[in-house]
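Some notes on the structure that comes next.
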Amino acid sequence: MDVLECIKNRRSVSVYKDTPVPDDILEKILDAGRWAPSGANSQPVEFVVVRKKESRKKIRKLVREVWEMSGIDSLNTLLDMMKKSGAMDKSGAMDVTWEDYYNAPVMVIVTSDEDKRGTEYEHVMHYTMSGDAGCAAIQNMQLAAHAMGLGSFWLTSFDPVRIKYWFSIPKTMGVAGIMLLGYPKYWPKAPEQALSTDPRLYPRRPLEDMVHHGKFDEDKWLNYQLFDPYRLPRKELLRTEKYLRPTNLKTA
């Protein structure tokens, strides 16, 4: 499959068949992650492959707990939001329950060594070379999976402390995400997220809306809102103390 076609047609898959993933296919997907770029070629990424049903159920239960803590009392609430917004119809999604969601036969915990070769960015908050390498590995694996007829999902809603404890991952390691992997029960035709029918965002923002020439165009940036039904719209978010911008800085 052409790489650009693969990039544009890949979809996050939430519901999977019980069909096992063959070892040779899984190895190819993991190898695609191995070839992802990393700062200074530090290669700080490690993969923890989870196949046992009980372990996967623990991860799914943890995800559900995180959702409930953020105000989503059940998956059915989220699905109702998707139905009302029209996102479910547009994506071609089937009616599913919590027992169907995130039921991938393979889960890959993607960790990164935060101490390896001093891979922190100096004077930059929130990002590290090793964390970025983990994200690049997940992207590579998702594209490889799609090219071979498998679905995947980049799972980020979990408590990394418990994940590290359960799977004996050292405290100093970062967790870039958990990649779900398996054969889809159905292929989404478009992104499946609540409120994703917003014409400014669905299915993707126009390229011209996100490219800034010469300097950052704040008016263009403010023209759309954060796509997240659990956070404040961007214009309102910017008024909060946490996001107040310094006014005495000159632009380039």
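Ordering of the structure tokens sets the chain letters (A, B, ...); residue numbers start at 1 within each chain; ligands are numbered from 1 in the order shown.
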Applying 10 Å and only C-alpha atoms, which residues near His146 (chain A) remain after dropping the ones on its own chain fewer than 6 positions away? List them as a PyMOL selection string. chain A and resi 1+6-7+9-12+29+152+181+183
DSSP alpha helix (DSSP H) residues within region 6-192 of chain A, listed as a PyMOL selection string: chain A and resi 6-9+23-34+53-69+75-85+87-91+129-147+160-166
Do you know which residues are at most 12 Å from Ser42 (chain A) counting only C-alpha atoms, after dropping those on the same chain fewer than 5 positions away, and could you put them as a list in words?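 Close residues of Ser42 (chain A): Arg34, Trp35, Ala36, Pro37, Ser112, Asp113, Glu114, Asp115, Lys116, Arg117, Gly118, Thr119, Glu120, Thr128, Met129, Ser130, Gly131, Asp132, Ala133 and Gly134 of chain A.
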Write out, as a PDB file, in the first residue's frame, the residues just selected, with N, CA and C atoms.
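File written: selection-v3.pdb
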```pdb
ATOM      1  N   ARG A  34      10.411  -0.358  15.801  1.00  0.00           N
ATOM      2  CA  ARG A  34      11.866  -0.318  16.054  1.00  0.00           C
ATOM      3  C   ARG A  34      12.569   0.658  15.131  1.00  0.00           C
ATOM      4  N   TRP A  35      12.046   0.811  13.908  1.00  0.00           N
ATOM      5  CA  TRP A  35      12.690   1.667  12.915  1.00  0.00           C
ATOM      6  C   TRP A  35      12.239   3.125  12.995  1.00  0.00           C
ATOM      7  N   ALA A  36      11.443   3.471  13.980  1.00  0.00           N
ATOM      8  CA  ALA A  36      10.995   4.863  14.121  1.00  0.00           C
ATOM      9  C   ALA A  36      12.178   5.760  14.508  1.00  0.00           C
ATOM     10  N   PRO A  37      12.137   7.027  14.132  1.00  0.00           N
ATOM     11  CA  PRO A  37      13.237   7.933  14.483  1.00  0.00           C
ATOM     12  C   PRO A  37      13.257   8.250  15.972  1.00  0.00           C
ATOM     13  N   SER A 112       9.379   4.381  27.225  1.00  0.00           N
ATOM     14  CA  SER A 112      10.596   5.066  26.777  1.00  0.00           C
ATOM     15  C   SER A 112      11.484   5.361  27.975  1.00  0.00           C
ATOM     16  N   ASP A 113      12.767   5.174  27.769  1.00  0.00           N
ATOM     17  CA  ASP A 113      13.751   5.343  28.834  1.00  0.00           C
ATOM     18  C   ASP A 113      14.106   6.819  28.956  1.00  0.00           C
ATOM     19  N   GLU A 114      13.571   7.482  29.986  1.00  0.00           N
ATOM     20  CA  GLU A 114      13.775   8.918  30.143  1.00  0.00           C
ATOM     21  C   GLU A 114      15.207   9.274  30.539  1.00  0.00           C
ATOM     22  N   ASP A 115      15.963   8.319  31.008  1.00  0.00           N
ATOM     23  CA  ASP A 115      17.333   8.605  31.446  1.00  0.00           C
ATOM     24  C   ASP A 115      18.387   8.258  30.397  1.00  0.00           C
ATOM     25  N   LYS A 116      17.975   7.630  29.321  1.00  0.00           N
ATOM     26  CA  LYS A 116      18.960   7.126  28.368  1.00  0.00           C
ATOM     27  C   LYS A 116      19.666   8.260  27.623  1.00  0.00           C
ATOM     28  N   ARG A 117      20.968   8.318  27.762  1.00  0.00           N
ATOM     29  CA  ARG A 117      21.819   9.253  27.038  1.00  0.00           C
ATOM     30  C   ARG A 117      21.381  10.699  27.203  1.00  0.00           C
ATOM     31  N   GLY A 118      20.824  11.034  28.373  1.00  0.00           N
ATOM     32  CA  GLY A 118      20.459  12.419  28.632  1.00  0.00           C
ATOM     33  C   GLY A 118      19.534  12.988  27.580  1.00  0.00           C
ATOM     34  N   THR A 119      18.440  12.298  27.313  1.00  0.00           N
ATOM     35  CA  THR A 119      17.616  12.678  26.169  1.00  0.00           C
ATOM     36  C   THR A 119      16.590  13.768  26.461  1.00  0.00           C
ATOM     37  N   GLU A 120      16.702  14.479  27.590  1.00  0.00           N
ATOM     38  CA  GLU A 120      15.768  15.569  27.848  1.00  0.00           C
ATOM     39  C   GLU A 120      16.081  16.762  26.948  1.00  0.00           C
ATOM     40  N   THR A 128      10.124  15.292  25.946  1.00  0.00           N
ATOM     41  CA  THR A 128      11.455  14.718  26.016  1.00  0.00           C
ATOM     42  C   THR A 128      11.731  13.985  24.712  1.00  0.00           C
ATOM     43  N   MET A 129      12.984  13.840  24.388  1.00  0.00           N
ATOM     44  CA  MET A 129      13.349  13.092  23.176  1.00  0.00           C
ATOM     45  C   MET A 129      12.833  11.664  23.257  1.00  0.00           C
ATOM     46  N   SER A 130      12.935  11.074  24.446  1.00  0.00           N
ATOM     47  CA  SER A 130      12.520   9.684  24.571  1.00  0.00           C
ATOM     48  C   SER A 130      11.008   9.547  24.441  1.00  0.00           C
ATOM     49  N   GLY A 131      10.260  10.484  25.015  1.00  0.00           N
ATOM     50  CA  GLY A 131       8.810  10.442  24.876  1.00  0.00           C
ATOM     51  C   GLY A 131       8.380  10.613  23.431  1.00  0.00           C
ATOM     52  N   ASP A 132       9.035  11.531  22.726  1.00  0.00           N
ATOM     53  CA  ASP A 132       8.728  11.730  21.307  1.00  0.00           C
ATOM     54  C   ASP A 132       9.047  10.477  20.502  1.00  0.00           C
ATOM     55  N   ALA A 133      10.120   9.781  20.877  1.00  0.00           N
ATOM     56  CA  ALA A 133      10.483   8.549  20.176  1.00  0.00           C
ATOM     57  C   ALA A 133       9.411   7.484  20.361  1.00  0.00           C
ATOM     58  N   GLY A 134       8.827   7.410  21.559  1.00  0.00           N
ATOM     59  CA  GLY A 134       7.740   6.464  21.804  1.00  0.00           C
ATOM     60  C   GLY A 134       6.538   6.759  20.929  1.00  0.00           C
TER      61      GLY A 134
END
```
Grab the CA of Val66 (chain A) to CA of Asp159 (chain A) distance for me, in Å with one decimal place. 7.4 Å
